file work_10.csv (CSV, C-alpha atoms)
chain,number,residue,atom,x,y,z
A,171,MET,CA,59.9,114.4,241.8
A,172,THR,CA,62.9,116.5,242.8
A,173,ALA,CA,63.5,120.2,242.0
A,174,SER,CA,65.2,120.5,238.7
A,175,ALA,CA,65.4,122.9,235.7
A,176,SER,CA,64.0,120.0,233.6
A,177,ALA,CA,60.8,119.5,235.7
A,178,PRO,CA,57.5,119.6,233.9
A,179,CYS,CA,55.5,122.9,234.1
A,180,ILE,CA,51.8,123.9,234.2
A,181,THR,CA,51.4,126.0,231.1
A,182,GLY,CA,47.7,126.6,230.8
A,183,TRP,CA,44.5,126.1,232.9
A,184,HIS,CA,40.8,126.8,233.2
A,185,HIS,CA,38.3,126.5,236.0
A,186,SER,CA,34.5,126.2,235.8
A,187,GLN,CA,32.1,127.7,238.3
A,188,PHE,CA,31.6,125.3,241.2
A,189,GLY,CA,28.1,124.8,242.6
A,190,LYS,CA,24.8,123.2,241.7
A,191,LEU,CA,25.2,123.3,238.0
A,192,ASP,CA,21.7,122.3,236.8
A,193,GLY,CA,21.2,121.7,233.2
A,194,ILE,CA,24.9,121.3,232.3
A,195,ASP,CA,25.8,118.0,230.7
A,196,PRO,CA,29.1,116.8,232.3
A,197,GLU,CA,30.3,116.0,228.8
A,198,VAL,CA,29.8,119.6,227.7
A,199,LEU,CA,31.5,120.9,230.9
A,200,ILE,CA,34.5,118.7,230.3
A,201,GLY,CA,34.8,120.0,226.8
A,202,GLN,CA,34.5,123.6,227.9
A,203,VAL,CA,37.3,123.5,230.4
A,204,ALA,CA,39.6,121.4,228.2
A,205,LYS,CA,39.2,123.7,225.2
A,206,ALA,CA,39.8,126.8,227.4
A,207,ALA,CA,42.9,125.3,229.1
A,208,ILE,CA,44.5,124.4,225.8
A,209,GLU,CA,43.8,127.9,224.4
A,210,HIS,CA,45.3,129.4,227.6
A,211,ALA,CA,48.5,127.4,227.0
A,212,GLY,CA,48.6,128.9,223.5
A,213,LEU,CA,48.3,125.4,221.9
A,214,GLN,CA,46.0,123.7,219.5
A,215,PRO,CA,44.2,120.4,220.5
A,216,GLU,CA,46.4,118.5,218.1
A,217,ASP,CA,49.4,119.6,220.1
A,218,ILE,CA,48.2,117.5,223.1
A,219,ASP,CA,50.0,114.1,223.3
A,220,SER,CA,47.8,112.4,225.9
A,221,VAL,CA,44.7,113.0,228.0
A,222,HIS,CA,44.4,112.2,231.7
A,223,VAL,CA,40.9,112.4,233.2
A,224,GLY,CA,40.1,112.3,236.9
A,225,THR,CA,36.6,111.5,238.2
A,226,PHE,CA,35.5,109.5,241.3
A,227,ASN,CA,32.0,108.8,240.0
A,228,ALA,CA,31.2,105.5,242.0
A,229,GLY,CA,27.6,106.0,241.2
A,230,PHE,CA,27.1,109.8,240.8
A,231,LEU,CA,26.6,109.3,237.1
A,232,TYR,CA,25.5,106.3,235.1
A,233,GLN,CA,28.1,107.2,232.4
A,234,ASP,CA,31.3,105.6,233.4
A,235,PHE,CA,34.5,105.1,231.3
A,236,PRO,CA,34.9,108.8,230.6
A,237,ALA,CA,38.4,108.9,229.2
A,238,SER,CA,37.4,109.6,225.6
A,239,LEU,CA,34.4,111.8,226.4
A,240,VAL,CA,36.4,115.0,225.6
A,241,PHE,CA,36.9,113.7,222.0
A,242,ASN,CA,33.2,114.6,221.3
A,243,SER,CA,33.9,118.2,222.0
A,244,LEU,CA,37.5,118.2,220.6
A,245,PRO,CA,37.6,115.7,217.8
A,246,GLN,CA,41.3,116.7,217.1
A,247,LEU,CA,42.1,114.6,220.2
A,248,ARG,CA,40.8,111.4,218.6
A,249,PHE,CA,43.3,108.6,218.6
A,250,LYS,CA,45.4,110.2,221.4
A,251,PRO,CA,45.9,107.9,224.4
A,252,ALA,CA,43.4,108.8,227.1
A,253,VAL,CA,43.1,107.3,230.6
A,254,ARG,CA,40.8,107.7,233.6
A,255,LEU,CA,42.3,107.9,237.1
A,256,GLU,CA,40.6,107.5,240.5
A,257,ASN,CA,42.0,107.8,244.0
A,258,ALA,CA,39.0,108.9,246.1
A,259,CYS,CA,39.1,112.7,246.9
A,260,ALA,CA,42.6,112.8,245.5
A,261,THR,CA,41.5,111.7,242.1
A,262,GLY,CA,42.4,115.0,240.5
A,263,SER,CA,46.0,114.8,241.8
A,264,ALA,CA,46.2,111.2,240.6
A,265,ALA,CA,45.3,112.4,237.1
A,266,ILE,CA,48.0,115.1,237.4
A,267,HIS,CA,50.6,112.5,238.4
A,268,SER,CA,49.6,110.3,235.5
A,269,GLY,CA,50.3,113.3,233.2
A,270,LEU,CA,53.6,114.0,234.9
A,271,GLN,CA,54.7,110.4,234.5
A,272,SER,CA,53.9,110.5,230.8
A,273,ILE,CA,56.1,113.5,230.4
A,274,LYS,CA,58.9,112.1,232.5
A,275,ALA,CA,58.9,108.9,230.5
A,276,GLY,CA,59.3,110.9,227.3
A,277,GLU,CA,56.0,109.7,225.9
A,278,SER,CA,54.3,113.1,225.9
A,279,LYS,CA,55.5,116.7,225.4
A,280,HIS,CA,52.1,118.3,226.3
A,281,VAL,CA,49.4,116.5,228.4
A,282,LEU,CA,45.8,117.6,229.1
A,283,VAL,CA,44.6,116.9,232.6
A,284,ILE,CA,40.9,117.2,233.4
A,285,GLY,CA,39.2,116.7,236.8
A,286,PHE,CA,35.4,116.7,237.1
A,287,GLU,CA,32.4,115.6,239.1
A,288,LYS,CA,28.7,116.0,238.9
A,289,MET,CA,27.4,115.2,242.4
A,290,THR,CA,24.1,117.0,242.6
A,291,GLU,CA,22.2,114.6,240.4
A,292,LEU,CA,21.6,112.5,243.6
A,293,ALA,CA,19.8,113.3,246.8
A,294,THR,CA,22.1,114.2,249.8
A,295,ALA,CA,21.6,110.8,251.4
A,296,GLN,CA,22.6,109.0,248.2
A,297,VAL,CA,25.7,111.3,247.9
A,298,GLY,CA,26.7,110.2,251.4
A,299,GLU,CA,26.3,106.5,250.4
A,300,VAL,CA,28.5,107.0,247.3
A,301,LEU,CA,31.2,108.8,249.2
A,302,LEU,CA,31.4,106.1,251.9
A,303,LYS,CA,32.7,103.8,249.2
A,304,ALA,CA,36.0,105.6,249.8
A,305,CYS,CA,36.2,104.2,253.4
A,306,TYR,CA,37.2,100.7,254.5
A,307,ALA,CA,33.9,99.1,253.9
A,308,LYS,CA,34.4,96.1,256.1
A,309,GLU,CA,34.6,98.3,259.2
A,310,GLU,CA,33.4,101.8,258.3
A,311,ALA,CA,30.5,101.5,255.9
A,312,GLY,CA,27.9,101.5,258.6
A,313,ILE,CA,29.1,104.8,260.2
A,314,PRO,CA,26.0,107.1,260.5
A,315,GLY,CA,26.4,110.4,258.6
A,316,GLY,CA,28.4,109.2,255.7
A,317,PHE,CA,32.0,110.6,255.4
A,318,ALA,CA,31.0,113.3,257.9
A,319,GLY,CA,30.6,110.4,260.3
A,320,VAL,CA,34.1,109.2,259.6
A,321,PHE,CA,35.6,112.7,260.2
A,322,GLY,CA,33.2,113.2,263.2
A,323,LYS,CA,34.9,110.1,264.8
A,324,ILE,CA,38.3,111.6,264.0
A,325,ALA,CA,37.3,114.9,265.6
A,326,GLN,CA,35.9,113.2,268.6
A,327,SER,CA,39.1,111.2,269.1
A,328,TYR,CA,41.1,114.4,268.8
A,329,PHE,CA,38.8,116.2,271.3
A,330,ASP,CA,39.0,113.4,273.7
A,331,ARG,CA,42.8,113.5,273.7
A,332,PHE,CA,43.5,117.2,273.5
A,333,GLY,CA,40.4,118.9,274.7
A,334,ASP,CA,37.5,120.7,272.9
A,335,GLN,CA,38.7,122.3,269.7
A,336,SER,CA,35.4,123.9,268.7
A,337,ASP,CA,36.9,127.4,268.7
A,338,ALA,CA,39.7,126.4,266.3
A,339,LEU,CA,37.3,124.6,264.0
A,340,ALA,CA,34.9,127.6,263.9
A,341,ALA,CA,37.9,129.9,263.2
A,342,ILE,CA,39.0,127.7,260.2
A,343,ALA,CA,35.4,127.7,258.8
A,344,ALA,CA,35.1,131.4,259.2
A,345,LYS,CA,38.5,132.0,257.6
A,346,ASN,CA,37.8,129.9,254.6
A,347,HIS,CA,34.3,131.4,254.0
A,348,LYS,CA,35.8,134.9,254.3
A,349,ASN,CA,38.5,134.0,251.8
A,350,GLY,CA,35.9,132.5,249.4
A,351,MET,CA,34.3,135.9,249.1
A,352,SER,CA,37.2,136.8,246.8
A,353,ASN,CA,36.9,133.6,244.6
A,354,PRO,CA,34.7,134.1,241.6
A,355,TYR,CA,34.5,130.3,241.1
A,356,ALA,CA,33.4,129.4,244.6
A,357,HIS,CA,30.2,127.5,245.3
A,358,MET,CA,29.4,129.6,248.4
A,359,ARG,CA,30.6,133.2,248.6
A,360,LYS,CA,29.3,134.1,252.0
A,361,ASP,CA,31.1,135.4,255.0
A,362,PHE,CA,29.4,133.7,258.0
A,363,GLY,CA,31.7,135.0,260.7
A,364,PHE,CA,33.1,133.2,263.7
A,365,ASP,CA,30.1,133.4,265.9
A,366,PHE,CA,27.8,131.7,263.4
A,367,CYS,CA,30.3,129.0,262.8
A,368,ARG,CA,31.0,128.5,266.5
A,369,ASN,CA,27.4,128.2,267.8
A,370,VAL,CA,24.9,125.5,267.2
A,371,SER,CA,21.7,126.8,265.6
A,372,GLU,CA,18.8,125.7,263.5
A,373,LYS,CA,20.8,126.8,260.4
A,374,ASN,CA,24.1,125.3,261.8
A,375,PRO,CA,23.2,122.0,263.5
A,376,PHE,CA,25.5,119.2,264.6
A,377,VAL,CA,26.0,116.8,261.7
A,378,ALA,CA,28.3,114.1,263.1
A,379,GLY,CA,30.1,114.1,266.5
A,380,PRO,CA,31.4,117.6,267.2
A,381,LEU,CA,31.2,118.7,263.6
A,382,LYS,CA,28.5,121.2,262.6
A,383,ARG,CA,27.2,122.0,259.2
A,384,THR,CA,29.8,124.8,258.8
A,385,ASP,CA,32.5,122.2,259.4
A,386,CYS,CA,31.6,120.2,256.3
A,387,SER,CA,32.4,120.9,252.7
A,388,LEU,CA,29.7,121.3,250.1
A,389,ILE,CA,28.2,118.9,247.6
A,390,SER,CA,29.2,120.5,244.3
A,391,ASP,CA,29.5,120.1,240.6
A,392,GLY,CA,32.4,121.4,238.7
A,393,ALA,CA,35.4,120.8,236.5
A,394,ALA,CA,39.0,122.1,236.1
A,395,ALA,CA,41.6,121.4,233.5
A,396,MET,CA,45.3,122.2,232.9
A,397,VAL,CA,48.0,121.6,230.4
A,398,ILE,CA,51.3,120.3,231.7
A,399,SER,CA,54.3,120.6,229.4
A,400,ALA,CA,57.9,119.2,229.3
A,401,ALA,CA,60.4,121.8,230.5
A,402,ASP,CA,62.0,122.3,227.1
A,403,ALA,CA,58.7,123.0,225.5
A,404,ALA,CA,57.5,125.3,228.3
A,405,LYS,CA,60.5,127.7,227.8
A,406,SER,CA,58.8,129.2,224.7
A,407,MET,CA,55.3,129.2,226.0
A,408,PRO,CA,53.4,132.2,227.5
A,409,ARG,CA,53.6,131.0,231.1
A,410,ALA,CA,55.2,128.2,233.0
A,411,VAL,CA,54.7,127.1,236.6
A,412,GLN,CA,57.1,124.4,237.5
A,413,PHE,CA,56.6,121.4,239.8
A,414,ARG,CA,59.5,121.8,242.1
A,415,ALA,CA,58.2,118.7,243.9
A,416,ALA,CA,55.3,116.3,243.4
A,417,VAL,CA,55.0,113.6,246.0
A,418,HIS,CA,52.5,110.8,246.5
A,419,VAL,CA,52.3,108.7,249.7
A,420,ASN,CA,49.6,106.2,250.6
A,421,ASP,CA,48.6,104.8,254.0
A,422,TYR,CA,46.5,102.0,255.4
A,423,LEU,CA,42.8,102.2,254.4
A,424,PRO,CA,41.3,101.1,257.8
A,425,LEU,CA,41.3,103.9,260.4
A,426,SER,CA,41.6,101.1,263.0
A,427,ARG,CA,45.2,100.4,261.8
A,428,ARG,CA,46.2,104.1,262.4
A,429,ASP,CA,46.2,106.8,265.0
A,430,ALA,CA,43.1,108.7,263.9
A,431,THR,CA,44.4,111.9,265.4
A,432,ARG,CA,47.5,112.0,263.2
A,433,PHE,CA,47.8,112.3,259.4
A,434,GLU,CA,51.1,110.4,259.3
A,435,ALA,CA,51.3,109.7,255.6
A,436,ALA,CA,50.4,113.4,255.0
A,437,ALA,CA,53.3,114.4,257.2
A,438,LEU,CA,55.7,112.1,255.3
A,439,ALA,CA,54.5,113.5,252.0
A,440,TRP,CA,55.1,117.1,253.2
A,441,LYS,CA,58.6,116.1,254.5
A,442,GLN,CA,59.5,114.5,251.2
A,443,ALA,CA,58.1,117.3,249.0
A,444,LEU,CA,59.9,120.1,250.9
A,445,GLY,CA,63.1,118.0,250.8
A,446,ASN,CA,62.8,117.4,247.1
A,447,ALA,CA,62.1,121.1,246.5
A,448,ARG,CA,65.0,122.0,248.7
A,449,LEU,CA,62.8,124.4,250.6
A,450,SER,CA,61.4,124.8,254.1
A,451,LEU,CA,57.9,125.6,255.2
A,452,ASP,CA,59.1,129.2,255.8
A,453,ASN,CA,59.8,129.6,252.1
A,454,LEU,CA,56.2,128.9,251.1
A,455,SER,CA,54.0,131.9,250.2
A,456,LEU,CA,50.7,130.0,250.6
A,457,VAL,CA,49.2,126.6,250.8
A,458,GLU,CA,46.0,125.2,249.3
A,459,THR,CA,45.0,122.3,251.6
A,460,HIS,CA,42.3,119.7,251.7
A,461,ASP,CA,39.7,121.0,254.1
A,462,CYS,CA,36.9,118.6,253.3
A,463,PHE,CA,36.1,119.0,257.0
A,464,THR,CA,37.5,121.7,259.3
A,465,VAL,CA,39.1,119.1,261.5
A,466,ALA,CA,41.1,117.9,258.5
A,467,GLU,CA,42.6,121.3,258.0
A,468,LEU,CA,43.5,121.3,261.8
A,469,LEU,CA,45.3,118.0,261.5
A,470,GLU,CA,47.0,119.1,258.3
A,471,TYR,CA,48.5,122.1,260.1
A,472,GLU,CA,50.3,119.5,262.3
A,473,ALA,CA,51.2,117.3,259.3
A,474,MET,CA,52.8,120.1,257.4
A,475,GLY,CA,54.8,121.1,260.5
A,476,LEU,CA,53.2,124.3,261.6
A,477,ALA,CA,52.6,122.9,265.1
A,478,PRO,CA,53.4,119.8,267.2
A,479,HIS,CA,50.8,117.0,267.5
A,480,GLY,CA,47.8,118.3,269.5
A,481,GLN,CA,48.7,122.0,269.2
A,482,GLY,CA,47.2,122.8,265.8
A,483,ALA,CA,44.6,125.1,267.3
A,484,ARG,CA,47.1,127.7,268.1
A,485,VAL,CA,48.0,128.0,264.4
A,486,ILE,CA,44.5,129.3,263.4
A,487,LEU,CA,43.8,131.1,266.6
A,488,ASP,CA,47.0,133.1,266.4
A,489,GLY,CA,46.2,134.1,262.8
A,490,VAL,CA,49.2,132.2,261.2
A,491,THR,CA,47.1,130.9,258.3
A,492,ALA,CA,44.9,134.0,257.7
A,493,LYS,CA,45.2,135.6,254.3
A,494,ASP,CA,47.5,138.2,255.9
A,495,GLY,CA,49.2,135.7,258.2
A,496,LYS,CA,52.7,134.2,258.0
A,497,LEU,CA,51.5,131.3,255.9
A,498,PRO,CA,48.1,131.9,254.3
A,499,VAL,CA,46.2,128.6,253.9
A,500,ASN,CA,43.3,128.3,251.5
A,501,PRO,CA,43.2,131.8,250.1
A,502,SER,CA,40.8,130.4,247.6
A,503,GLY,CA,38.3,129.6,250.3
A,504,GLY,CA,39.3,125.9,250.2
A,505,LEU,CA,36.9,123.1,249.7
A,506,LYS,CA,34.8,124.6,252.5
A,507,SER,CA,33.8,127.6,250.4
A,508,LYS,CA,34.9,126.8,246.9
A,509,GLY,CA,33.2,123.4,247.0
A,510,HIS,CA,34.3,119.8,246.6
A,511,PRO,CA,33.3,118.2,243.3
A,512,VAL,CA,35.5,115.1,244.2
A,513,GLY,CA,37.3,114.4,240.9
A,514,ALA,CA,37.8,118.1,240.1
A,515,THR,CA,39.2,119.1,243.5
A,516,GLY,CA,42.9,118.1,243.0
A,517,VAL,CA,43.1,119.8,239.7
A,518,SER,CA,41.3,122.9,241.0
A,519,MET,CA,43.7,123.2,243.9
A,520,HIS,CA,46.7,123.1,241.5
A,521,VAL,CA,45.0,125.7,239.3
A,522,MET,CA,44.5,128.0,242.2
A,523,ALA,CA,48.1,127.5,243.3
A,524,ALA,CA,49.4,128.1,239.8
A,525,MET,CA,47.3,131.3,239.6
A,526,GLN,CA,48.9,132.5,242.8
A,527,ALA,CA,52.4,131.7,241.6
A,528,SER,CA,51.7,133.5,238.4
A,529,HIS,CA,50.3,136.5,240.2
A,530,ASP,CA,47.1,135.9,238.3
A,531,ALA,CA,44.8,135.2,241.2
A,532,GLY,CA,42.8,138.5,241.1
A,533,ASP,CA,41.3,139.4,244.5
A,534,MET,CA,42.6,136.1,245.9
A,535,GLN,CA,46.2,137.1,245.3
A,536,ILE,CA,48.8,136.8,248.0
A,537,ALA,CA,51.3,139.6,247.6
A,538,ASN,CA,54.7,138.6,246.1
A,539,ALA,CA,53.7,134.9,246.0
A,540,LYS,CA,56.7,132.8,245.0
A,541,TYR,CA,56.3,129.2,246.1
A,542,ALA,CA,52.8,127.6,246.5
A,543,GLY,CA,52.1,124.4,248.3
A,544,VAL,CA,49.2,122.0,247.5
A,545,PHE,CA,48.0,119.1,249.7
A,546,ASN,CA,45.2,116.9,248.3
A,547,MET,CA,44.1,113.7,250.0
A,548,GLY,CA,41.9,110.8,249.3
A,549,GLY,CA,39.8,109.3,252.1
A,550,ALA,CA,40.9,110.0,255.6
A,551,ALA,CA,44.5,110.8,254.7
A,552,VAL,CA,44.9,107.5,252.9
A,553,ALA,CA,46.1,108.9,249.5
A,554,ASN,CA,48.3,111.9,250.1
A,555,TYR,CA,49.7,114.2,247.4
A,556,VAL,CA,51.9,117.3,248.0
A,557,SER,CA,53.1,119.6,245.2
A,558,ILE,CA,55.3,122.6,245.4
A,559,LEU,CA,54.9,125.0,242.5
A,560,GLU,CA,57.1,127.9,241.4
A,561,ARG,CA,56.6,130.3,238.5
A,562,ILE,CA,59.4,130.1,236.0
A,563,HIS,CA,58.1,132.8,233.6
call {"tool": "encode", "arguments": {"input": "work_10.csv", "output": "structure tokens"}}
result
Amino acid sequence: MTASASAPCITGWHHSQFGKLDGIDPEVLIGQVAKAAIEHAGLQPEDIDSVHVGTFNAGFLYQDFPASLVFNSLPQLRFKPAVRLENACATGSAAIHSGLQSIKAGESKHVLVIGFEKMTELATAQVGEVLLKACYAKEEAGIPGGFAGVFGKIAQSYFDRFGDQSDALAAIAAKNHKNGMSNPYAHMRKDFGFDFCRNVSEKNPFVAGPLKRTDCSLISDGAAAMVISAADAAKSMPRAVQFRAAVHVNDYLPLSRRDATRFEAAALAWKQALGNARLSLDNLSLVETHDCFTVAELLEYEAMGLAPHGQGARVILDGVTAKDGKLPVNPSGGLKSKGHPVGATGVSMHVMAAMQASHDAGDMQIANAKYAGVFNMGGAAVANYVSILERIH
């Protein structure tokens, strides 16, 4: 999608608390965020033309086929077209793109996008087994440590080529946990500090390869929803955050077919998105990026163009991506602090970015934010989505 006055706009949103949400039925959670997002947009449920639901599931819940679940809470949506999307950890962004395409095709004026996941019903080991379904099973399913094992291998490959990056990874973890202190929706609001994140301890053991517990995102429950509206309709609505760009690039699934130390498809997605938005990285006020593991954020610095290959460490160690740095990255605390309920993550990231662009982010707010970037990925940089958002009014 190229920057245009006729580009679709985010016109309403809502975000649940992320964390271990015991006793909350996912169906009720979906209904709550959907109803609140529609109200935030100043609409009625009957104004919604289509529903786009993102959830990975893959065994987290017995209930699959969730597209129509929201009808139970909002019966006014009955008979509307509804679809479920899945693209691993980029599932939420896949749902957003489905909604955008419906608007661009002229089939919808207002779409409801919901992302959700209920992960904590399973034991940690089972969660790892479910998440590994997002790898290339023929070659990677036996990796110890689940998806942490996959990213542990990526981290070890990077360390072997460019030297020990433990200081950089600890600095990323500490930054994101510090930022998460200002996010009322975050799963873990605790400032661990650099020393705790840097040093191995009983409370911060190695998990996989060089990755410690503080390098890994949390197992979380949660949901987020947003209304996206056609540009003409958005003009008369209370708020409008335009998609200046929305790009989707996929890569090979097997790590063996790629350079594990480069997120090449992510770099291409960033290049296309900035080109479509007619902006440079210097124009961005902030980025919400996919830090499922700290090494992912490190490689994403290089993919977005903040540093050449192998030199991403200097970005965090020089303070470039701090909240008061040149390009704040993950002022929400990122997946590391906010949590990572897989299907909700992409929608959550866009909600956080829209809040920033609207100057409605509370204590998370970046001063004078104008353009917000979002990078959400599925698998180890297999499905890559980049959005550039700008407040219109």
call {"tool": "closest_residue", "arguments": {"input": "work_10.csv", "among": "A:His267, A:His184, A:Lys360, A:Lys279", "to": "A:Ser399", "atoms": "all atoms listed in the file"}}
result
A:Lys279
call {"tool": "residues_near_point", "arguments": {"input": "work_10.csv", "point": "(31.5, 115.5, 249.6)", "cutoff": "7 Å", "atoms": "all atoms listed in the file", "output": "short mmCIF file (atom, residue, chain, number, x, y, z; two decimals) with C-alpha atoms, in the frame of the given file"}}
result
data_model
loop_
_atom_site.label_atom_id
_atom_site.label_comp_id
_atom_site.auth_asym_id
_atom_site.auth_seq_id
_atom_site.Cartn_x
_atom_site.Cartn_y
_atom_site.Cartn_z
CA LEU A 301 31.20 108.80 249.20
CA SER A 387 32.40 120.90 252.70
CA LEU A 388 29.70 121.30 250.10
CA ILE A 389 28.20 118.90 247.60
CA HIS A 510 34.30 119.80 246.60
CA VAL A 512 35.50 115.10 244.20
#
call {"tool": "atom_distance", "arguments": {"input": "work_10.csv", "atom1": "atom CA of A:Gln442", "atom2": "atom CA of A:Tyr471"}}
result
16.1 Å
call {"tool": "closest_residue", "arguments": {"input": "work_10.csv", "among": "A:Asn420, A:Asn453, A:Ser528, A:Gln335", "to": "A:Leu468", "atoms": "all atoms listed in the file"}}
result
A:Gln335
call {"tool": "residues_near_point", "arguments": {"input": "work_10.csv", "point": "(62.4, 123.1, 239.9)", "cutoff": "7 Å", "atoms": "all atoms listed in the file", "output": "VMD selection string"}}
result
chain A and resid 173 to 175 177 412 to 414 447
call {"tool": "residues_around", "arguments": {"input": "work_10.csv", "residues": "A:Gly495", "least_positions_apart": "5", "cutoff": "10 Å", "atoms": "all atoms listed in the file", "output": "number ranges by chain"}}
result
A: 456, 485-486, 488-490
call {"tool": "closest_residue", "arguments": {"input": "work_10.csv", "among": "A:Leu487, A:Ala356, A:Val465, A:Val397", "to": "A:Met534", "atoms": "only C-alpha atoms"}}
result
A:Ala356
call {"tool": "decode", "arguments": {"input": "work_10.csv", "residues": "stretch 221-228 of chain A", "atoms": "all heavy atoms", "output": "PDB file, in the first residue's frame"}}
result
ATOM      1  N   VAL A 221     -15.667  -8.761   9.606  1.00  0.00           N
ATOM      2  CA  VAL A 221     -14.918  -9.058  10.829  1.00  0.00           C
ATOM      3  C   VAL A 221     -13.721  -9.935  10.461  1.00  0.00           C
ATOM      4  O   VAL A 221     -13.853 -10.927   9.733  1.00  0.00           O
ATOM      5  CB  VAL A 221     -15.804  -9.794  11.850  1.00  0.00           C
ATOM      6  CG1 VAL A 221     -15.015 -10.109  13.119  1.00  0.00           C
ATOM      7  CG2 VAL A 221     -17.047  -8.967  12.177  1.00  0.00           C
ATOM      8  N   HIS A 222     -12.541  -9.566  10.986  1.00  0.00           N
ATOM      9  CA  HIS A 222     -11.290 -10.245  10.654  1.00  0.00           C
ATOM     10  C   HIS A 222     -10.586 -10.611  11.964  1.00  0.00           C
ATOM     11  O   HIS A 222     -10.129  -9.728  12.693  1.00  0.00           O
ATOM     12  CB  HIS A 222     -10.421  -9.336   9.788  1.00  0.00           C
ATOM     13  CG  HIS A 222     -11.160  -8.807   8.585  1.00  0.00           C
ATOM     14  ND1 HIS A 222     -10.985  -9.320   7.324  1.00  0.00           N
ATOM     15  CD2 HIS A 222     -12.108  -7.827   8.477  1.00  0.00           C
ATOM     16  CE1 HIS A 222     -11.790  -8.688   6.476  1.00  0.00           C
ATOM     17  NE2 HIS A 222     -12.479  -7.771   7.162  1.00  0.00           N
ATOM     18  N   VAL A 223     -10.547 -11.899  12.256  1.00  0.00           N
ATOM     19  CA  VAL A 223     -10.067 -12.385  13.554  1.00  0.00           C
ATOM     20  C   VAL A 223      -8.732 -13.086  13.383  1.00  0.00           C
ATOM     21  O   VAL A 223      -8.585 -13.980  12.540  1.00  0.00           O
ATOM     22  CB  VAL A 223     -11.087 -13.365  14.173  1.00  0.00           C
ATOM     23  CG1 VAL A 223     -10.580 -13.894  15.507  1.00  0.00           C
ATOM     24  CG2 VAL A 223     -12.442 -12.687  14.350  1.00  0.00           C
ATOM     25  N   GLY A 224      -7.758 -12.688  14.187  1.00  0.00           N
ATOM     26  CA  GLY A 224      -6.449 -13.329  14.173  1.00  0.00           C
ATOM     27  C   GLY A 224      -6.212 -14.133  15.438  1.00  0.00           C
ATOM     28  O   GLY A 224      -6.304 -13.588  16.539  1.00  0.00           O
ATOM     29  N   THR A 225      -5.966 -15.426  15.281  1.00  0.00           N
ATOM     30  CA  THR A 225      -5.532 -16.252  16.412  1.00  0.00           C
ATOM     31  C   THR A 225      -4.693 -17.401  15.875  1.00  0.00           C
ATOM     32  O   THR A 225      -5.030 -17.999  14.850  1.00  0.00           O
ATOM     33  CB  THR A 225      -6.721 -16.777  17.239  1.00  0.00           C
ATOM     34  OG1 THR A 225      -6.237 -17.517  18.365  1.00  0.00           O
ATOM     35  CG2 THR A 225      -7.638 -17.664  16.430  1.00  0.00           C
ATOM     36  N   PHE A 226      -3.590 -17.684  16.530  1.00  0.00           N
ATOM     37  CA  PHE A 226      -2.702 -18.775  16.110  1.00  0.00           C
ATOM     38  C   PHE A 226      -3.283 -20.118  16.537  1.00  0.00           C
ATOM     39  O   PHE A 226      -3.379 -21.047  15.759  1.00  0.00           O
ATOM     40  CB  PHE A 226      -1.319 -18.559  16.728  1.00  0.00           C
ATOM     41  CG  PHE A 226      -0.327 -19.649  16.419  1.00  0.00           C
ATOM     42  CD1 PHE A 226       0.092 -19.867  15.122  1.00  0.00           C
ATOM     43  CD2 PHE A 226       0.187 -20.451  17.428  1.00  0.00           C
ATOM     44  CE1 PHE A 226       1.011 -20.877  14.831  1.00  0.00           C
ATOM     45  CE2 PHE A 226       1.101 -21.453  17.155  1.00  0.00           C
ATOM     46  CZ  PHE A 226       1.513 -21.664  15.851  1.00  0.00           C
ATOM     47  N   ASN A 227      -3.664 -20.224  17.780  1.00  0.00           N
ATOM     48  CA  ASN A 227      -4.222 -21.411  18.425  1.00  0.00           C
ATOM     49  C   ASN A 227      -3.285 -22.609  18.292  1.00  0.00           C
ATOM     50  O   ASN A 227      -2.423 -22.805  19.124  1.00  0.00           O
ATOM     51  CB  ASN A 227      -5.625 -21.734  17.929  1.00  0.00           C
ATOM     52  CG  ASN A 227      -6.353 -22.673  18.887  1.00  0.00           C
ATOM     53  OD1 ASN A 227      -5.810 -23.066  19.924  1.00  0.00           O
ATOM     54  ND2 ASN A 227      -7.574 -23.042  18.571  1.00  0.00           N
ATOM     55  N   ALA A 228      -3.436 -23.440  17.267  1.00  0.00           N
ATOM     56  CA  ALA A 228      -2.550 -24.591  17.045  1.00  0.00           C
ATOM     57  C   ALA A 228      -2.525 -25.560  18.225  1.00  0.00           C
ATOM     58  O   ALA A 228      -1.602 -26.339  18.370  1.00  0.00           O
ATOM     59  CB  ALA A 228      -1.126 -24.119  16.727  1.00  0.00           C
TER      60      ALA A 228
END
